[in-house]
$ cat coords.txt   # compact mmCIF, C-alpha atoms
# COMPACT_ATOMS: atom_id res chain seq x y z
CA MET A 7 -218.61 -119.36 -76.10
CA ASN A 8 -218.99 -121.39 -79.27
CA PRO A 9 -215.75 -120.79 -81.27
CA GLU A 10 -217.69 -120.26 -84.50
CA VAL A 11 -219.92 -117.65 -82.88
CA GLU A 12 -216.97 -115.97 -81.15
CA GLY A 13 -215.00 -115.69 -84.38
CA LEU A 14 -217.98 -114.35 -86.29
CA LEU A 15 -218.77 -111.72 -83.65
CA ARG A 16 -215.19 -110.47 -83.62
CA THR A 17 -215.22 -110.18 -87.39
CA LEU A 18 -218.54 -108.34 -87.48
CA ALA A 19 -217.97 -106.08 -84.46
CA PRO A 20 -216.05 -103.30 -86.27
CA GLN A 21 -218.35 -103.45 -89.29
CA VAL A 22 -221.45 -102.98 -87.13
CA LEU A 23 -219.86 -100.23 -85.06
CA GLY A 24 -218.77 -98.46 -88.24
CA VAL A 25 -222.35 -98.47 -89.55
CA LEU A 26 -223.70 -96.95 -86.32
CA VAL A 27 -221.01 -94.27 -86.02
CA ARG A 28 -221.43 -93.26 -89.66
CA ARG A 29 -225.21 -93.02 -89.20
CA HIS A 30 -225.43 -91.41 -85.78
CA GLY A 31 -222.03 -90.07 -84.73
CA GLN A 32 -221.53 -90.25 -80.94
CA PHE A 33 -218.81 -92.90 -80.89
CA ASP A 34 -219.16 -93.52 -77.16
CA VAL A 35 -222.91 -94.21 -77.31
CA CYS A 36 -222.55 -96.34 -80.45
CA GLU A 37 -219.73 -98.42 -78.96
CA ASP A 38 -221.78 -99.19 -75.85
CA ALA A 39 -224.77 -100.12 -78.02
CA VAL A 40 -222.69 -102.51 -80.13
CA GLN A 41 -221.25 -104.17 -77.03
CA GLU A 42 -224.80 -104.78 -75.79
CA ALA A 43 -225.72 -106.29 -79.15
CA LEU A 44 -222.64 -108.54 -79.13
CA LEU A 45 -223.48 -109.70 -75.62
CA GLY A 46 -227.03 -110.51 -76.70
CA ALA A 47 -225.79 -112.46 -79.71
CA ALA A 48 -223.25 -114.35 -77.58
CA GLN A 49 -226.08 -115.47 -75.34
CA GLN A 50 -228.74 -116.14 -77.99
CA TRP A 51 -226.96 -117.50 -81.06
CA PRO A 52 -225.40 -120.61 -79.47
CA ALA A 53 -228.86 -121.70 -78.36
CA ASP A 54 -231.01 -120.52 -81.29
CA GLY A 55 -228.46 -120.80 -84.08
CA ILE A 56 -226.69 -118.11 -86.10
CA PRO A 57 -229.27 -116.03 -88.00
CA ASP A 58 -229.29 -116.02 -91.78
CA ASN A 59 -228.17 -112.39 -91.76
CA PRO A 60 -225.92 -112.06 -88.68
CA LYS A 61 -224.61 -108.62 -89.57
CA GLY A 62 -228.11 -107.29 -90.11
CA TRP A 63 -229.20 -108.86 -86.80
CA LEU A 64 -226.41 -107.07 -84.97
CA ILE A 65 -227.03 -103.73 -86.68
CA THR A 66 -230.72 -103.88 -85.81
CA ALA A 67 -230.05 -104.89 -82.21
CA ALA A 68 -227.37 -102.26 -81.74
CA SER A 69 -229.51 -99.55 -83.36
CA ARG A 70 -232.39 -100.36 -81.03
CA ARG A 71 -230.05 -100.18 -78.05
CA TRP A 72 -228.70 -96.86 -79.33
CA ILE A 73 -232.22 -95.46 -79.45
CA GLU A 74 -232.93 -96.69 -75.92
CA GLN A 75 -229.76 -95.08 -74.64
CA TYR A 76 -230.47 -91.89 -76.51
CA ARG A 77 -234.01 -91.65 -75.16
CA SER A 78 -232.89 -92.38 -71.61
CA ASP A 79 -230.68 -89.31 -71.57
CA THR A 80 -232.87 -86.67 -69.94
CA ALA A 81 -230.80 -83.86 -71.38
CA ARG A 82 -231.84 -84.90 -74.85
CA ARG A 83 -235.54 -85.56 -74.39
CA GLN A 84 -236.40 -82.54 -76.48
CA ARG A 85 -234.72 -84.16 -79.46
CA GLU A 86 -237.00 -87.22 -79.56
CA ASP A 87 -238.07 -86.25 -83.04
CA LYS A 88 -234.50 -86.70 -84.24
CA VAL A 89 -234.36 -90.12 -82.64
CA VAL A 90 -237.46 -91.19 -84.54
CA ALA A 91 -236.01 -89.85 -87.77
CA LEU A 92 -232.80 -91.78 -87.22
CA THR A 93 -234.52 -95.06 -86.42
CA PRO A 94 -233.30 -97.69 -88.93
CA THR A 95 -236.21 -99.12 -90.87
CA PRO A 96 -234.75 -101.12 -93.77
CA PRO A 97 -235.69 -104.81 -93.56
CA ASP A 98 -232.13 -105.81 -94.42
CA PRO A 99 -229.87 -103.06 -93.04
CA VAL A 100 -226.53 -104.31 -94.34
CA PRO A 101 -224.72 -101.57 -96.25
CA ALA A 102 -222.00 -102.58 -98.66
CA GLN A 103 -219.54 -100.07 -97.19
CA ASP A 104 -217.05 -101.46 -94.68
CA ASP A 105 -215.85 -98.87 -92.16
CA THR A 106 -213.27 -101.01 -90.37
CA LEU A 107 -210.31 -98.92 -91.50
CA THR A 108 -212.06 -95.67 -90.61
CA LEU A 109 -212.96 -97.08 -87.22
CA LEU A 110 -209.38 -98.15 -86.58
CA ALA A 111 -208.14 -94.66 -87.35
CA LEU A 112 -210.68 -93.20 -84.92
CA CYS A 113 -209.53 -95.59 -82.18
CA CYS A 114 -205.93 -94.51 -82.82
CA HIS A 115 -206.73 -90.81 -82.68
CA GLU A 116 -203.77 -88.60 -81.80
CA SER A 117 -205.51 -87.22 -78.70
CA LEU A 118 -205.30 -90.64 -77.00
CA THR A 119 -202.44 -92.18 -75.10
CA THR A 120 -200.86 -95.30 -76.58
CA ALA A 121 -202.37 -97.47 -73.83
CA SER A 122 -205.82 -96.05 -74.55
CA GLN A 123 -205.39 -96.51 -78.30
CA ILE A 124 -204.54 -100.18 -77.78
CA ALA A 125 -207.39 -100.82 -75.35
CA LEU A 126 -209.98 -99.07 -77.50
CA THR A 127 -208.79 -100.80 -80.67
CA LEU A 128 -209.03 -104.24 -79.09
CA ARG A 129 -212.47 -103.44 -77.67
CA ALA A 130 -214.11 -101.60 -80.56
CA VAL A 131 -212.39 -103.16 -83.57
CA GLY A 132 -211.22 -106.48 -82.17
CA GLY A 133 -214.43 -107.23 -80.33
CA LEU A 134 -212.58 -108.31 -77.18
CA THR A 135 -214.31 -107.80 -73.87
CA THR A 136 -212.83 -105.58 -71.19
CA ALA A 137 -212.02 -108.68 -69.15
CA GLU A 138 -210.18 -110.30 -72.09
CA ILE A 139 -208.07 -107.19 -72.64
CA ALA A 140 -207.26 -107.00 -68.94
CA ARG A 141 -206.14 -110.63 -68.88
CA ALA A 142 -203.99 -110.16 -71.96
CA PHE A 143 -202.11 -107.21 -70.47
CA LEU A 144 -202.16 -108.46 -66.87
CA VAL A 145 -203.84 -105.34 -65.53
CA PRO A 146 -207.03 -104.96 -63.46
CA GLU A 147 -210.25 -104.98 -65.44
CA ALA A 148 -211.19 -101.66 -63.83
CA THR A 149 -208.02 -100.09 -65.29
CA VAL A 150 -208.92 -101.20 -68.81
CA ALA A 151 -212.52 -100.02 -68.38
CA GLN A 152 -211.26 -96.63 -67.25
CA ARG A 153 -208.92 -96.35 -70.21
CA ILE A 154 -211.71 -97.18 -72.64
CA SER A 155 -214.14 -94.77 -71.00
CA ARG A 156 -211.64 -91.92 -71.01
CA ALA A 157 -210.68 -92.67 -74.61
CA LYS A 158 -214.28 -92.42 -75.78
CA GLN A 159 -214.73 -89.15 -73.93
CA LYS A 160 -211.55 -87.72 -75.45
CA ILE A 161 -212.68 -88.67 -78.94
CA LYS A 162 -215.99 -86.96 -78.25
CA GLN A 163 -214.32 -83.83 -76.89
CA SER A 164 -211.80 -83.67 -79.75
CA GLY A 165 -214.56 -83.48 -82.33
CA ALA A 166 -212.82 -86.17 -84.41
CA LYS A 167 -214.56 -86.84 -87.72
CA PHE A 168 -215.52 -90.33 -88.86
CA ARG A 169 -213.75 -90.45 -92.19
CA PRO A 170 -211.25 -92.75 -93.91
CA PRO A 171 -207.65 -91.98 -92.91
CA GLN A 172 -205.09 -90.67 -95.37
CA ASP A 173 -202.17 -91.75 -93.19
CA LEU A 174 -202.00 -95.20 -91.57
CA THR A 175 -198.95 -94.47 -89.40
CA ALA A 176 -200.78 -94.42 -86.05
CA VAL A 177 -202.93 -97.44 -86.96
CA LEU A 178 -199.94 -99.55 -87.99
CA HIS A 179 -198.04 -98.53 -84.86
CA VAL A 180 -200.87 -99.67 -82.59
CA LEU A 181 -201.25 -103.00 -84.42
CA TYR A 182 -197.47 -103.49 -84.21
CA LEU A 183 -197.52 -102.83 -80.46
CA ILE A 184 -200.37 -105.30 -79.94
CA PHE A 185 -198.49 -107.97 -81.86
CA THR A 186 -195.18 -107.24 -80.13
CA GLU A 187 -196.71 -107.53 -76.68
CA GLY A 188 -198.27 -110.83 -77.69
CA SER A 189 -195.14 -112.15 -79.38
CA THR A 190 -192.84 -111.50 -76.41
CA ALA A 191 -194.95 -110.63 -73.40
CA SER A 192 -193.31 -107.91 -71.29
CA SER A 193 -194.45 -109.54 -68.05
CA GLY A 194 -196.11 -112.65 -66.67
CA ASP A 195 -195.59 -116.39 -66.83
CA ASP A 196 -196.07 -116.89 -70.58
CA LEU A 197 -193.57 -115.90 -73.24
CA VAL A 198 -196.25 -115.62 -75.94
CA ARG A 199 -199.87 -114.48 -75.68
CA VAL A 200 -201.46 -116.05 -78.70
CA ASP A 201 -204.72 -114.16 -78.19
CA LEU A 202 -202.92 -110.88 -78.89
CA THR A 203 -200.74 -112.08 -81.77
CA ALA A 204 -203.72 -113.72 -83.45
CA GLU A 205 -205.86 -110.61 -83.05
CA ALA A 206 -203.13 -108.33 -84.42
CA ILE A 207 -202.67 -110.58 -87.45
CA ARG A 208 -206.43 -110.80 -88.02
CA LEU A 209 -206.90 -107.02 -87.93
CA THR A 210 -203.86 -106.41 -90.13
CA ARG A 211 -205.18 -108.93 -92.66
CA GLN A 212 -208.48 -107.07 -92.77
CA LEU A 213 -206.69 -103.82 -93.50
CA HIS A 214 -204.47 -105.41 -96.12
CA LYS A 215 -207.52 -106.63 -98.02
CA ARG A 216 -208.68 -103.03 -98.23
CA ARG A 217 -205.29 -101.51 -99.12
CA PRO A 218 -203.19 -104.26 -100.72
CA ALA A 219 -200.92 -101.75 -102.45
CA ASP A 220 -199.82 -100.06 -99.21
CA GLY A 221 -196.18 -101.09 -98.85
CA GLU A 222 -195.84 -100.55 -95.11
CA LEU A 223 -199.13 -102.29 -94.36
CA THR A 224 -197.95 -105.24 -96.45
CA GLY A 225 -194.60 -105.15 -94.68
CA LEU A 226 -196.26 -105.20 -91.26
CA LEU A 227 -198.41 -108.20 -92.16
CA ALA A 228 -195.35 -110.00 -93.52
CA LEU A 229 -193.38 -109.19 -90.36
CA MET A 230 -196.14 -110.58 -88.17
CA LEU A 231 -196.46 -113.78 -90.19
CA LEU A 232 -192.71 -114.42 -90.35
CA THR A 233 -192.28 -113.75 -86.65
CA ASP A 234 -195.29 -115.81 -85.61
CA ALA A 235 -194.08 -118.69 -87.80
CA ARG A 236 -191.31 -119.31 -85.27
CA ARG A 237 -193.70 -119.53 -82.31
CA PRO A 238 -193.95 -123.37 -82.15
CA ALA A 239 -190.18 -123.62 -81.66
CA ARG A 240 -189.67 -120.71 -79.26
CA THR A 241 -190.42 -122.63 -76.06
CA ASP A 242 -189.87 -126.16 -74.80
CA PRO A 243 -192.69 -128.34 -73.37
CA ASN A 244 -192.21 -126.64 -69.99
CA GLY A 245 -192.58 -123.16 -71.46
CA ALA A 246 -188.87 -122.32 -71.23
CA LEU A 247 -187.49 -119.90 -73.81
CA ILE A 248 -185.40 -121.30 -76.66
CA PRO A 249 -183.23 -118.67 -78.41
CA LEU A 250 -183.40 -118.33 -82.18
CA ALA A 251 -180.03 -119.99 -82.80
CA GLU A 252 -181.07 -123.12 -80.88
CA GLN A 253 -184.60 -123.58 -82.22
CA ASP A 254 -185.72 -126.69 -84.08
CA ARG A 255 -186.46 -125.03 -87.40
CA THR A 256 -188.43 -128.00 -88.66
CA ARG A 257 -191.15 -126.83 -86.24
CA TRP A 258 -191.47 -123.44 -87.89
CA ASP A 259 -194.73 -122.82 -89.74
CA THR A 260 -193.71 -123.16 -93.40
CA GLN A 261 -197.06 -121.93 -94.70
CA ALA A 262 -196.79 -118.67 -92.73
CA ILE A 263 -193.17 -118.29 -93.87
CA GLU A 264 -194.14 -118.76 -97.51
CA GLU A 265 -196.97 -116.23 -97.27
CA GLY A 266 -194.85 -113.70 -95.39
CA THR A 267 -191.92 -114.07 -97.78
CA THR A 268 -194.18 -113.59 -100.80
CA LEU A 269 -195.74 -110.49 -99.27
CA ILE A 270 -192.45 -108.80 -98.43
CA SER A 271 -190.87 -109.73 -101.78
CA THR A 272 -193.77 -108.08 -103.59
CA ALA A 273 -193.74 -104.99 -101.37
CA LEU A 274 -190.01 -104.40 -101.79
CA LYS A 275 -190.40 -104.50 -105.57
CA THR A 276 -193.49 -102.32 -105.87
CA ALA A 277 -193.59 -99.84 -102.97
CA GLN A 278 -191.41 -97.22 -101.36
CA ILE A 279 -189.28 -98.94 -98.71
CA GLY A 280 -190.23 -98.30 -95.10
CA PRO A 281 -189.35 -99.58 -91.61
CA TYR A 282 -191.88 -102.41 -91.44
CA GLN A 283 -190.75 -103.73 -94.80
CA LEU A 284 -187.12 -103.71 -93.67
CA GLN A 285 -187.97 -105.54 -90.45
CA ALA A 286 -189.94 -108.09 -92.45
CA ALA A 287 -187.01 -108.51 -94.84
CA ILE A 288 -184.73 -109.25 -91.88
CA ALA A 289 -187.20 -111.82 -90.60
CA ALA A 290 -187.34 -113.36 -94.07
CA VAL A 291 -183.55 -113.78 -94.14
CA HIS A 292 -183.73 -115.64 -90.83
CA ALA A 293 -186.60 -117.77 -92.16
CA ASP A 294 -184.60 -118.64 -95.26
CA ALA A 295 -181.84 -120.30 -93.21
CA THR A 296 -182.65 -123.94 -92.53
CA GLN A 297 -179.85 -123.96 -89.93
CA ALA A 298 -178.64 -121.11 -87.74
CA GLU A 299 -175.11 -121.28 -89.13
CA ASN A 300 -176.46 -120.70 -92.65
CA THR A 301 -177.92 -117.31 -91.75
CA ASP A 302 -176.79 -114.55 -94.11
CA TRP A 303 -175.63 -112.07 -91.46
CA HIS A 304 -174.04 -109.77 -94.03
CA GLU A 305 -177.45 -109.22 -95.62
CA ILE A 306 -179.06 -108.75 -92.21
CA LEU A 307 -176.45 -106.16 -91.24
CA GLY A 308 -177.05 -104.32 -94.49
CA LEU A 309 -180.79 -104.26 -93.82
CA TYR A 310 -180.19 -102.96 -90.30
CA ASP A 311 -177.99 -100.22 -91.74
CA LEU A 312 -180.94 -99.17 -93.90
CA LEU A 313 -183.33 -99.43 -90.97
CA THR A 314 -181.05 -97.22 -88.89
CA VAL A 315 -181.40 -94.54 -91.56
CA THR A 316 -185.17 -94.84 -92.10
CA ALA A 317 -186.25 -95.44 -88.49
CA PRO A 318 -183.37 -94.71 -86.10
CA GLY A 319 -183.81 -95.69 -82.48
CA PRO A 320 -181.98 -97.35 -79.60
CA MET A 321 -183.66 -100.75 -80.03
CA VAL A 322 -182.84 -100.77 -83.74
CA SER A 323 -179.24 -99.95 -82.85
CA LEU A 324 -179.17 -102.74 -80.26
CA ASN A 325 -180.44 -105.32 -82.75
CA ARG A 326 -177.92 -104.08 -85.32
CA ILE A 327 -175.10 -104.61 -82.81
CA VAL A 328 -175.97 -108.31 -82.67
CA ALA A 329 -175.56 -108.46 -86.45
CA VAL A 330 -172.27 -106.57 -86.17
CA ALA A 331 -171.00 -109.27 -83.80
CA MET A 332 -171.89 -112.01 -86.26
CA VAL A 333 -170.15 -110.23 -89.15
CA HIS A 334 -167.23 -108.38 -87.54
CA GLY A 335 -166.84 -110.15 -84.21
CA PRO A 336 -167.86 -109.46 -80.59
CA ARG A 337 -165.07 -106.95 -79.87
CA GLN A 338 -166.37 -104.41 -82.39
CA ALA A 339 -169.92 -105.08 -81.23
CA LEU A 340 -168.96 -104.43 -77.59
CA ASP A 341 -167.30 -101.16 -78.60
CA GLU A 342 -170.49 -100.03 -80.33
CA LEU A 343 -172.62 -101.21 -77.41
CA SER A 344 -170.62 -99.04 -75.01
CA THR A 345 -171.83 -95.95 -76.89
CA LEU A 346 -175.52 -96.93 -76.84
CA ASP A 347 -177.68 -94.80 -74.54
CA LEU A 348 -180.41 -97.26 -73.59
CA ASP A 349 -181.57 -98.40 -70.15
CA HIS A 350 -183.13 -101.79 -70.87
CA TYR A 351 -182.60 -105.37 -69.72
CA ARG A 352 -181.80 -106.42 -73.28
CA VAL A 353 -178.67 -104.26 -73.23
CA HIS A 354 -177.30 -106.40 -70.40
CA ALA A 355 -178.45 -109.58 -72.16
CA VAL A 356 -176.71 -108.61 -75.40
CA ARG A 357 -173.55 -107.57 -73.54
CA ALA A 358 -173.56 -110.92 -71.73
CA HIS A 359 -173.90 -112.77 -75.03
CA LEU A 360 -171.03 -110.82 -76.56
CA LEU A 361 -168.81 -111.40 -73.52
CA ASP A 362 -169.61 -115.10 -73.73
CA LEU A 363 -168.51 -115.12 -77.37
CA ARG A 364 -165.18 -113.60 -76.28
CA GLY A 365 -164.76 -116.22 -73.54
CA GLU A 366 -165.19 -113.68 -70.72
CA HIS A 367 -167.63 -115.88 -68.84
CA ASP A 368 -167.39 -114.31 -65.38
CA GLN A 369 -168.30 -110.87 -66.73
CA ALA A 370 -171.02 -112.47 -68.86
CA ARG A 371 -172.50 -114.10 -65.77
CA GLN A 372 -172.82 -110.72 -64.05
CA GLU A 373 -174.57 -109.22 -67.05
CA TYR A 374 -177.01 -112.14 -67.31
CA ASP A 375 -177.87 -111.63 -63.63
CA LYS A 376 -178.50 -107.91 -64.20
CA ALA A 377 -180.73 -108.66 -67.19
CA ALA A 378 -182.72 -111.27 -65.25
CA LYS A 379 -183.41 -108.81 -62.44
CA LEU A 380 -184.69 -106.16 -64.82
CA THR A 381 -187.16 -108.16 -66.94
CA LEU A 382 -190.70 -108.88 -65.72
CA SER A 383 -191.14 -111.87 -68.03
CA ALA A 384 -190.85 -115.13 -66.09
CA PRO A 385 -189.69 -117.23 -69.10
CA GLU A 386 -186.99 -114.69 -69.92
CA GLN A 387 -185.90 -114.55 -66.28
CA ARG A 388 -185.51 -118.32 -66.20
CA TYR A 389 -183.56 -118.33 -69.45
CA LEU A 390 -181.21 -115.54 -68.38
CA ARG A 391 -180.57 -117.16 -65.01
CA SER A 392 -179.83 -120.48 -66.69
CA ARG A 393 -177.29 -118.67 -68.89
CA SER A 394 -175.79 -117.13 -65.79
CA ARG A 395 -175.33 -120.55 -64.19
CA HIS A 396 -174.06 -122.16 -67.37
CA PRO A 397 -172.27 -119.59 -69.58
CA ARG A 398 -171.08 -120.72 -72.96
$ encode --input "coords.txt" --output "structure tokens"
Amino acid sequence: MNPEVEGLLRTLAPQVLGVLVRRHGQFDVCEDAVQEALLGAAQQWPADGIPDNPKGWLITAASRRWIEQYRSDTARRQREDKVVALTPTPPDPVPAQDDTLTLLALCCHESLTTASQIALTLRAVGGLTTAEIARAFLVPEATVAQRISRAKQKIKQSGAKFRPPQDLTAVLHVLYLIFTEGSTASSGDDLVRVDLTAEAIRLTRQLHKRRPADGELTGLLALMLLTDARRPARTDPNGALIPLAEQDRTRWDTQAIEEGTTLISTALKTAQIGPYQLQAAIAAVHADATQAENTDWHEILGLYDLLTVTAPGPMVSLNRIVAVAMVHGPRQALDELSTLDLDHYRVHAVRAHLLDLRGEHDQARQEYDKAAKLTLSAPEQRYLRSRSRHPR
């Protein structure tokens, strides 16, 4: 597809769907109608040109499809008069209201599983096709289609209302998960899936424009930008993983770092501190060090101490242990690691790193091997096995 058309359709998709859901309800029927309209535009616009009013074109096309679907349902034939009454007639049906945030909250409804929230968000708000979502998460297309179908039915059955959310917690969590999976893919041959990271950043930007004073939303956007800024240096030309301490920092995206640093600096001064802000602040400290040895690990450890209080969890504790090693030495870090109740390949990877720092290379080799066997990411497997063959 023409990149200009593709980008425009993904931007307009949630706006058009929001208009239809607000007018008609029936999220499942509206979502199908919008997908049909997007498909029609993807086929027609590259050949005929983008219309002067692309959003209005999509709203009209989707509304017509909604009416067709509504009329084709034999159980609702007696309500044809309502269909006629709901038929959009304005010559330029482009309302000023933007329902993207409301739509995101609906896609992240509490009745849905996390996997369904992610799939529905990428489909309905991100404008990705079922096939694109399936490729991004390395699952069969039929699995994604089933998740989306079940999610729409659950929303319908739950009686969820289409209204702006008061709490963005679920929305931010889903966007964070999408970005995290793209930033360090949990499986497959690629370390990074740019399609997911880019989509998560795009959607988070859209939300931030609507709620710029939300501290955690600002923190999440900053975290994404500061993390993604390191992407050019995270792999070598063959796709092999390069750890943070060994990256060529001249390849980091300075523009993204500057934007992310500005965002988090503002949020920390003006909003109540939350977990995403603290994670972004940690990323900003890393970004501020032009060389690995200049990293302010004392500040990072202090931020992790705060994060442990505000959002305790085993992965936070594991990341904090790395900072403990850099400030207090690997022996204290190993002692703390021995008390951590977490079954994850990164535990073995961190233990191996700490053993390496202590010069216990044989034990480190065993831990690297264990970590490599447990991860499904091919780049991480190759990196861990290379560490096993050549410990520090």
$ residues_around --input "coords.txt" --residues "Ala228 of chain A" --least-positions-apart "5" --cutoff "10 Å" --atoms "all atoms listed in the file" --output "short mmCIF file (atom, residue, chain, number, x, y, z; two decimals) with C-alpha atoms, in the coordinates of the input"
data_model
loop_
_atom_site.label_atom_id
_atom_site.label_comp_id
_atom_site.auth_asym_id
_atom_site.auth_seq_id
_atom_site.Cartn_x
_atom_site.Cartn_y
_atom_site.Cartn_z
CA ILE A 207 -202.67 -110.58 -87.45
CA THR A 210 -203.86 -106.41 -90.13
CA ARG A 211 -205.18 -108.93 -92.66
CA GLU A 222 -195.84 -100.55 -95.11
CA LEU A 223 -199.13 -102.29 -94.36
CA THR A 233 -192.28 -113.75 -86.65
CA ASP A 234 -195.29 -115.81 -85.61
CA ALA A 262 -196.79 -118.67 -92.73
CA ILE A 263 -193.17 -118.29 -93.87
CA GLU A 264 -194.14 -118.76 -97.51
CA GLU A 265 -196.97 -116.23 -97.27
CA GLY A 266 -194.85 -113.70 -95.39
CA THR A 267 -191.92 -114.07 -97.78
CA THR A 268 -194.18 -113.59 -100.80
CA LEU A 269 -195.74 -110.49 -99.27
CA ILE A 270 -192.45 -108.80 -98.43
CA SER A 271 -190.87 -109.73 -101.78
CA ALA A 273 -193.74 -104.99 -101.37
CA TYR A 282 -191.88 -102.41 -91.44
CA GLN A 283 -190.75 -103.73 -94.80
CA GLN A 285 -187.97 -105.54 -90.45
CA ALA A 286 -189.94 -108.09 -92.45
CA ALA A 287 -187.01 -108.51 -94.84
CA ALA A 289 -187.20 -111.82 -90.60
CA ALA A 290 -187.34 -113.36 -94.07
#
$ residues_around --input "coords.txt" --residues "Pro320 of chain A" --least-positions-apart "4" --cutoff "10 Å" --atoms "only C-alpha atoms" --output "ChimeraX atom specification"
/A:314,324-326,346-350,353
$ atom_distance --input "coords.txt" --atom1 "atom CA of Thr272 of chain A" --atom2 "atom CA of Thr260 of chain A"
18.2 Å
$ closest_residue --input "coords.txt" --among "A:Leu229, A:Lys215, A:Leu23, A:Pro52" --to "Thr127 of chain A" --atoms "only C-alpha atoms"
A:Leu23
$ atom_distance --input "coords.txt" --atom1 "atom CA of Pro171 of chain A" --atom2 "atom CA of Phe185 of chain A"
21.5 Å
$ residues_around --input "coords.txt" --residues "Glu42 of chain A" --least-positions-apart "4" --cutoff "12 Å" --atoms "all atoms listed in the file" --output "MDAnalysis selection string"
chainID A and resid 19 22:23 35:38 46:49 64:72 74:75 133 135
$ closest_residue --input "coords.txt" --among "A:Pro170, A:Pro57, A:Pro336, A:Gly165" --to "Gly24 of chain A" --atoms "all atoms listed in the file"
A:Pro170
$ residues_around --input "coords.txt" --residues "Glu147 of chain A" --least-positions-apart "5" --cutoff "10 Å" --atoms "all atoms listed in the file" --output "list in words"
Thr135, Thr136, Ala137, Glu138, Ile139, Ala140, Arg141, Gln152 and Arg153 of chain A
$ write_last_selection --input "coords.txt" --atoms "C-alpha atoms" --output "PDB file, in the frame of the given file"
ATOM      1  CA  THR A 135    -214.310-107.800 -73.870  1.00  0.00           C
ATOM      2  CA  THR A 136    -212.830-105.580 -71.190  1.00  0.00           C
ATOM      3  CA  ALA A 137    -212.020-108.680 -69.150  1.00  0.00           C
ATOM      4  CA  GLU A 138    -210.180-110.300 -72.090  1.00  0.00           C
ATOM      5  CA  ILE A 139    -208.070-107.190 -72.640  1.00  0.00           C
ATOM      6  CA  ALA A 140    -207.260-107.000 -68.940  1.00  0.00           C
ATOM      7  CA  ARG A 141    -206.140-110.630 -68.880  1.00  0.00           C
ATOM      8  CA  GLN A 152    -211.260 -96.630 -67.250  1.00  0.00           C
ATOM      9  CA  ARG A 153    -208.920 -96.350 -70.210  1.00  0.00           C
TER      10      ARG A 153
END
$ atom_distance --input "coords.txt" --atom1 "atom CA of Ala339 of chain A" --atom2 "atom CA of Ile327 of chain A"
5.4 Å
$ closest_residue --input "coords.txt" --among "A:Leu144, A:Ile161, A:Ile306, A:Ala317" --to "Ser122 of chain A" --atoms "only C-alpha atoms"
A:Ile161
$ residues_near_point --input "coords.txt" --point "(-201.8, -112.1, -85.5)" --cutoff "12 Å" --atoms "all atoms listed in the file" --output "PyMOL selection string"
chain A and resi 132+181-189+198-212+226-235+237+262
$ closest_residue --input "coords.txt" --among "A:Arg129, A:Cys114, A:Val177, A:Ser383" --to "Lys160 of chain A" --atoms "all atoms listed in the file"
A:Cys114
$ closest_residue --input "coords.txt" --among "A:Met332, A:Gln253, A:Leu380, A:Pro60" --to "Thr301 of chain A" --atoms "only C-alpha atoms"
A:Met332
$ residues_around --input "coords.txt" --residues "Asp173 of chain A" --least-positions-apart "5" --cutoff "12 Å" --atoms "only C-alpha atoms" --output "VMD selection string"
chain A and resid 107 to 108 110 to 112 114 to 116 178 to 179 217 220 222 to 223
